[in-house]
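K.L.:
Structure provided below as structure tokens; questions to follow.
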Amino acid sequence: MKKALALFLAILMASALCLSGCGNSDTLVLNVYNWGEYISDGSEGSYDTVNEFEKWYQETYGQKVKVNYTTFASNEDMYSKLSSGAVSYDVVIPSDYMIARMAEENMLLPLNYENIPNYQNIDDSFKGLYYDPEAKYTVPYAYGIIGVIYNANEVEEADTGSWDLLWNEKYADKILQFNNSRDAFGMAMYKLGLDVNSEETTVWDTAYEELLKQRPFVYSFVMDEIYNMMESGEAAIGAYYAGDYFTMKDAQAEGVDLQFYYPERTNYYVDAMCIPTCCQNQALAESFINFMLSEDAAIANAQYTYYASPNKVVYENAGYQEEMGEEAMNVLYGKVEDFTTQYNENAYRNLKPETLDYINALWETVKIN
Amino acid sequence: MKITSKLYTALIFIFLFAPILVLLVFSFNEAKSLSVFSGFSLKWYQELFHDENTLESVKNTLILAVAATVISTVMGTAAAVGIHKLKNRWYRMAVNTVTNIPMINPDIITGISMMLVFVFVGRLFGASTSLNFWTMLIAHVTFCLPYVIFQVLPKLQQMERDLTEAAMDLGCTPFRAFLKVTMPEILPGIITGAIMAFTLSLDDFVISYFTSGNDFQTLPIRIYGMTKKTVTPKMYALATIIFFVTLTLLLLNNFVESGEDKRWRELKKQRKIRLKRSEQS
């Protein structure tokens, strides 16, 4: 009896090891780590990017690929998972400041751009930005600009146009502020014309004073809750990414008329594809990145996420332009021309840990005030 | 007084169930919004069943939950029998306390410490990825185990030791005596333990988050990933389905337990009657 049991357990263990270890040796595996809801995934009849890649790869190279596609909710989540060394990924898509940090910590592999011929479709304005000045680690995937969203049925046209709207006493208890220190302080600093990447505590103190002035008018501090509050008309003014404005507008309630504008200075960000050093198959990863830049996939992703694409084959495509409509094209792509200068001036960069601590301490007092 | 107590009960139920009710109602909403109900539709349920990634993560969650339930139920029952048999009281209490640690430990500590162990072992063997399905399974079994033991042990204590001994006197091997006599007696405890293990494993986010690898993502982790953008109403549909599945399991569990309690009471009554009769005669 005991022997039989021992044998059974031994077999169980062995098969478990085999299942995890051996796998199917003639199938290549590609591990992709991306933001949630950040790729066209076949829902609502859309293009299934991951599936199409697997199909395309097999047709082109006669080799089966299994893509393990997993998602993260923040750059910091992604960073901690990757730096723990617990898991290896082949392609990750973090935001700019995180890429700068990873490059600094030697967590990224230089790309072989010969394997990514579609890289030429990326507009030059998006190459060599501060997080990757020599353009050797990254391929930009999407970018965004923060703007002000307001309900035109409650806000007078004359009050709009600048950050002052979010400090306007008239709309007290209708204003939403970001629930994270970097974006909230950023708003005050853009308004005052301060450098958002300053390491001087006095600069942050000035921004802090400005946030205190705004505090009595703020209805709530939000991140993704902003969708419901704006759509329902519960709040009337908030700042968020241009792409998300269209998601909100699609779902706005009756009697709510959401509109959007860019203040003079505002935040720019870029999310880019890169290959971490733990990558197991760089050539395969590069062919995935190249596929993401190909016309069908890139357009599908841009349509699905509503974020602006740095890819010329997307925004110069007539079908895409028609699908998005004139307003969306203007809002999303109106700033391509001077993107590089605006971006390098206004994007958030990594701050020293002491500065971050200082900001967070100020931020806590803003919120409890 | 009566009104206050009724009001109090009503309030409790509102707080408990209003969020679920909102979710349920809006899963049938035609629009994408959580604020405006624009008409009844099964659209999101349809969407859900076409969303391969979400279905994949549901499948993963179920595979993991079933595997973790089976393993932790078998191990937990064996452990409970073992603990019950320990003669030394202090020793028994010590073992009992140690097995309860994963239950009282905050999830986040269990999660992080397990991740560290897996990474350490993985590095030892030079693996590029030390977290995968198996590490998640080990983690889930670990936190489910004490709940099974917790449910089975009292059943063993309620049972009369003589029964198993009698069976062995009559020629059963200990293992057979366990299967034929002990097992049927403690079965309700085992079932309750298994159901608890299943629902816990199904729900778990924190521990899964720290021990998940790159090829196996469970539903809670996927939903968490969606919070950067807005969570789609598909998830309301899914949550509604899950809610009803869990509810059914719970009702089933209560049904089993109440039946068992009745049987237990009757058994005691009969025994008393028998005792009285033997005294009289």
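Going through the structure tokens in order, the chains are called A, B, and so on, while each chain numbers its residues from 1 and the ligands are numbered from 1 in the order shown.
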Just list as a ChimeraX atom specification whatever in segment 15-139 of chain B DSSP marks as helix (DSSP H, G or I).
P.N.:
/B:15-27,43-48,52-85,89-104,107-124,133-139
K.L.:
Kindly export the residues of the current selection with C-alpha atoms, as a short mmCIF file (atom, residue, chain, number, x, y, z; two decimals), in the first residue's frame.
P.N.:
data_model
loop_
_atom_site.label_atom_id
_atom_site.label_comp_id
_atom_site.auth_asym_id
_atom_site.auth_seq_id
_atom_site.Cartn_x
_atom_site.Cartn_y
_atom_site.Cartn_z
CA PHE B 15 -24.49 47.61 2.74
CA LEU B 16 -23.78 43.98 1.95
CA PHE B 17 -25.73 43.68 -1.22
CA ALA B 18 -26.17 47.11 -2.77
CA PRO B 19 -22.77 47.01 -4.52
CA ILE B 20 -23.50 43.58 -5.94
CA LEU B 21 -26.94 44.73 -7.03
CA VAL B 22 -25.51 47.74 -8.85
CA LEU B 23 -23.02 45.51 -10.62
CA LEU B 24 -25.74 43.07 -11.53
CA VAL B 25 -28.04 45.74 -12.92
CA PHE B 26 -25.32 47.45 -14.95
CA SER B 27 -24.12 44.18 -16.43
CA LYS B 43 -24.58 42.62 -25.13
CA TRP B 44 -21.88 42.45 -22.47
CA TYR B 45 -22.51 38.78 -21.83
CA GLN B 46 -22.12 38.22 -25.53
CA GLU B 47 -18.94 40.31 -25.58
CA LEU B 48 -17.60 38.37 -22.65
CA GLU B 52 -10.61 35.09 -25.59
CA ASN B 53 -8.10 36.63 -23.22
CA THR B 54 -10.62 37.00 -20.44
CA LEU B 55 -11.99 33.52 -20.99
CA GLU B 56 -8.45 32.19 -20.92
CA SER B 57 -7.88 33.85 -17.56
CA VAL B 58 -11.20 32.47 -16.28
CA LYS B 59 -10.08 29.04 -17.39
CA ASN B 60 -6.73 29.53 -15.65
CA THR B 61 -8.47 30.64 -12.48
CA LEU B 62 -10.70 27.57 -12.51
CA ILE B 63 -7.88 25.13 -13.24
CA LEU B 64 -5.88 26.61 -10.42
CA ALA B 65 -8.81 26.63 -8.00
CA VAL B 66 -9.78 23.02 -8.72
CA ALA B 67 -6.22 21.76 -8.47
CA ALA B 68 -5.56 23.71 -5.29
CA THR B 69 -8.85 22.47 -3.80
CA VAL B 70 -8.17 18.80 -4.53
CA ILE B 71 -4.63 18.88 -3.22
CA SER B 72 -5.34 20.97 -0.14
CA THR B 73 -8.40 18.87 0.73
CA VAL B 74 -6.47 15.61 0.59
CA MET B 75 -3.47 17.03 2.43
CA GLY B 76 -5.59 18.93 4.92
CA THR B 77 -7.70 15.89 5.80
CA ALA B 78 -4.60 13.78 6.28
CA ALA B 79 -3.07 16.51 8.43
CA ALA B 80 -6.21 16.80 10.54
CA VAL B 81 -6.27 13.05 11.16
CA GLY B 82 -2.61 13.20 12.09
CA ILE B 83 -3.06 16.12 14.46
CA HIS B 84 -6.08 14.45 16.03
CA LYS B 85 -4.07 11.31 16.73
CA ARG B 89 -1.48 17.76 24.23
CA TRP B 90 1.24 20.40 24.03
CA TYR B 91 2.68 18.92 20.92
CA ARG B 92 -0.79 18.82 19.35
CA MET B 93 -1.44 22.45 20.18
CA ALA B 94 1.94 23.46 18.77
CA VAL B 95 1.33 21.67 15.47
CA ASN B 96 -2.15 23.14 15.29
CA THR B 97 -0.85 26.66 15.78
CA VAL B 98 1.86 26.24 13.18
CA THR B 99 -0.60 25.02 10.56
CA ASN B 100 -2.80 28.02 11.27
CA ILE B 101 -0.06 30.52 10.48
CA PRO B 102 -0.94 30.96 6.79
CA MET B 103 -4.50 31.76 7.88
CA ILE B 104 -3.59 34.57 10.27
CA ASP B 107 -1.76 37.78 2.46
CA ILE B 108 0.82 40.25 1.34
CA ILE B 109 3.45 38.74 3.63
CA THR B 110 2.63 35.21 2.55
CA GLY B 111 2.78 36.37 -1.07
CA ILE B 112 6.08 38.18 -0.88
CA SER B 113 7.80 35.53 1.19
CA MET B 114 6.64 32.79 -1.18
CA MET B 115 7.87 34.78 -4.15
CA LEU B 116 11.27 35.18 -2.50
CA VAL B 117 11.52 31.45 -1.85
CA PHE B 118 10.57 30.59 -5.43
CA VAL B 119 13.02 33.08 -6.88
CA PHE B 120 15.76 31.81 -4.60
CA VAL B 121 15.15 28.18 -5.57
CA GLY B 122 14.78 29.14 -9.23
CA ARG B 123 18.13 30.95 -9.19
CA LEU B 124 19.73 27.97 -7.52
CA PHE B 133 1.63 27.70 -12.77
CA TRP B 134 3.26 25.32 -10.30
CA THR B 135 4.51 28.05 -8.01
CA MET B 136 1.03 29.56 -7.95
CA LEU B 137 -0.42 26.15 -7.17
CA ILE B 138 1.97 25.64 -4.28
CA ALA B 139 1.08 29.08 -2.94
#
K.L.:
For Gly147 of chain A, work out the shell of residues within 7 Å, counting only C-alpha atoms and skipping chain neighbours fewer than 6 positions away, then give it as a PyMOL selection string.
P.N.:
chain A and resi 239-242+260-263
K.L.:
Determine the nearest neighbour of chain B from the options A:Ser232, A:Asn115, A:Thr365, A:Thr247, counting only C-alpha atoms.
P.N.:
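Using only C-alpha atoms, chain B sits closest to A:Ser232.
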K.L.:
When the cut-off is 7 Å and we count only C-alpha atoms, which residues of chain B are near chain A, given as a list of chain:residue names?
P.N.:
B:Ala31, B:Lys32, B:Ser33, B:Leu34, B:Ser35, B:Val36, B:Glu47, B:His50, B:Asp51, B:Val119, B:Ser128, B:Thr129, B:Ser130, B:Leu131, B:Gly213, B:Asn214, B:Asp215, B:Gln217, B:Arg222, B:Tyr224, B:Gly225, B:Met226, B:Thr227, B:Lys228, B:Lys229, B:Thr230
K.L.:
Taking into account only C-alpha atoms, which residue in the set A:Tyr171, A:Tyr269, A:Tyr130, A:Tyr113 is nearest to Ala283 of chain A?
P.N.:
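Among the listed residues, A:Tyr113 lies closest to Ala283 of chain A.
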K.L.:
Residues within 12 Å of Asp357 of chain A, please, as a ChimeraX atom specification. Count only C-alpha atoms; anything in the same chain fewer than 6 positions from it doesn't count.
P.N.:
/A:181-182,199,201,204,351,363-364
K.L.:
With N, CA and C atoms retained, could you export that selection as a PDB file, in the first residue's frame?
P.N.:
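Below is the file part-v3.pdb, written as the result:
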ATOM      1  N   SER A 181       0.560  62.276  -7.028  1.00  0.00           N
ATOM      2  CA  SER A 181       1.282  63.508  -6.752  1.00  0.00           C
ATOM      3  C   SER A 181       1.911  64.107  -8.003  1.00  0.00           C
ATOM      4  N   ARG A 182       2.492  63.250  -8.846  1.00  0.00           N
ATOM      5  CA  ARG A 182       3.243  63.764  -9.992  1.00  0.00           C
ATOM      6  C   ARG A 182       2.320  64.562 -10.923  1.00  0.00           C
ATOM      7  N   GLU A 199      14.616  69.871  -9.133  1.00  0.00           N
ATOM      8  CA  GLU A 199      15.017  69.194  -7.899  1.00  0.00           C
ATOM      9  C   GLU A 199      15.042  70.168  -6.720  1.00  0.00           C
ATOM     10  N   THR A 201      13.534  72.239  -3.789  1.00  0.00           N
ATOM     11  CA  THR A 201      12.334  72.109  -2.961  1.00  0.00           C
ATOM     12  C   THR A 201      11.475  73.373  -2.999  1.00  0.00           C
ATOM     13  N   TRP A 204       8.870  73.259  -5.652  1.00  0.00           N
ATOM     14  CA  TRP A 204       7.746  72.389  -5.280  1.00  0.00           C
ATOM     15  C   TRP A 204       6.860  73.066  -4.242  1.00  0.00           C
ATOM     16  N   LEU A 351      12.933  61.616 -10.877  1.00  0.00           N
ATOM     17  CA  LEU A 351      13.451  62.553  -9.884  1.00  0.00           C
ATOM     18  C   LEU A 351      14.242  61.779  -8.850  1.00  0.00           C
ATOM     19  N   TRP A 363       2.180  66.338  -0.800  1.00  0.00           N
ATOM     20  CA  TRP A 363       0.946  65.836  -1.414  1.00  0.00           C
ATOM     21  C   TRP A 363      -0.044  65.342  -0.349  1.00  0.00           C
ATOM     22  N   GLU A 364       0.487  64.619   0.630  1.00  0.00           N
ATOM     23  CA  GLU A 364      -0.392  64.122   1.691  1.00  0.00           C
ATOM     24  C   GLU A 364      -1.084  65.285   2.405  1.00  0.00           C
TER      25      GLU A 364
END
K.L.:
Dump as CSV the rows for residues of segment 216-326 of chain A within 12 Å of segment 192-197 of chain A: closest atom pair and distance in Å with one decimal, only C-alpha atoms counted, ordered by chain and rising residue number.
P.N.:
residue,atom,partner,partner_atom,distance
A:Pro263,CA,A:Gly193,CA,11.7
A:Glu264,CA,A:Gly193,CA,9.8
A:Arg265,CA,A:Gly193,CA,7.9
A:Thr266,CA,A:Val196,CA,10.0
A:Asn267,CA,A:Val196,CA,9.2
A:Tyr268,CA,A:Val196,CA,11.6
K.L.:
In Å, with one decimal, what is the gap from atom CA of Thr164 of chain B to atom CA of Leu86 of chain B?
P.N.:
15.6 Å
K.L.:
Using only C-alpha atoms, which protein or nucleic acid residues come within 10 Å of Ser287 of chain A? Drop anything in the same chain fewer than 6 positions from it, and give the result as a CSV table (one decimal) with C-alpha atoms, in the first residue's frame.
P.N.:
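Contents of part-v5.csv, freshly written:
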chain,number,residue,atom,x,y,z
A,53,PHE,CA,0.9,37.5,-35.0
A,57,TYR,CA,4.7,34.0,-37.9
A,115,ASN,CA,15.1,43.1,-37.8
A,116,ILE,CA,12.5,45.9,-37.4
A,117,PRO,CA,12.3,47.4,-40.9
A,118,ASN,CA,8.9,49.0,-40.1
A,293,LEU,CA,4.3,48.4,-36.4
K.L.:
What's the 8 Å shell around Gln177 of chain A, counting only C-alpha atoms, without same-chain residues fewer than 4 positions away, as a PyMOL selection string?
P.N.:
chain A and resi 184+218-222+238-239
K.L.:
Compare A:Asn290, A:Ser40, A:Asn179, A:Gln214 by their minimum atom-to-atom distance to Leu111 of chain A, counting only C-alpha atoms, and give me the closest one.
P.N.:
A:Asn290
K.L.:
Residues near Trp167 of chain A, anyone? I mean within 8 Å using only C-alpha atoms, not counting same-chain ones fewer than 2 positions away, as an MDAnalysis selection string.
P.N.:
chainID A and resid 163:165 169 213:214 217
K.L.:
Between atom CA of Arg265 of chain B and atom CA of Ile190 of chain B, what is the spacing in Å?
P.N.:
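It comes out at 19.5 Å.
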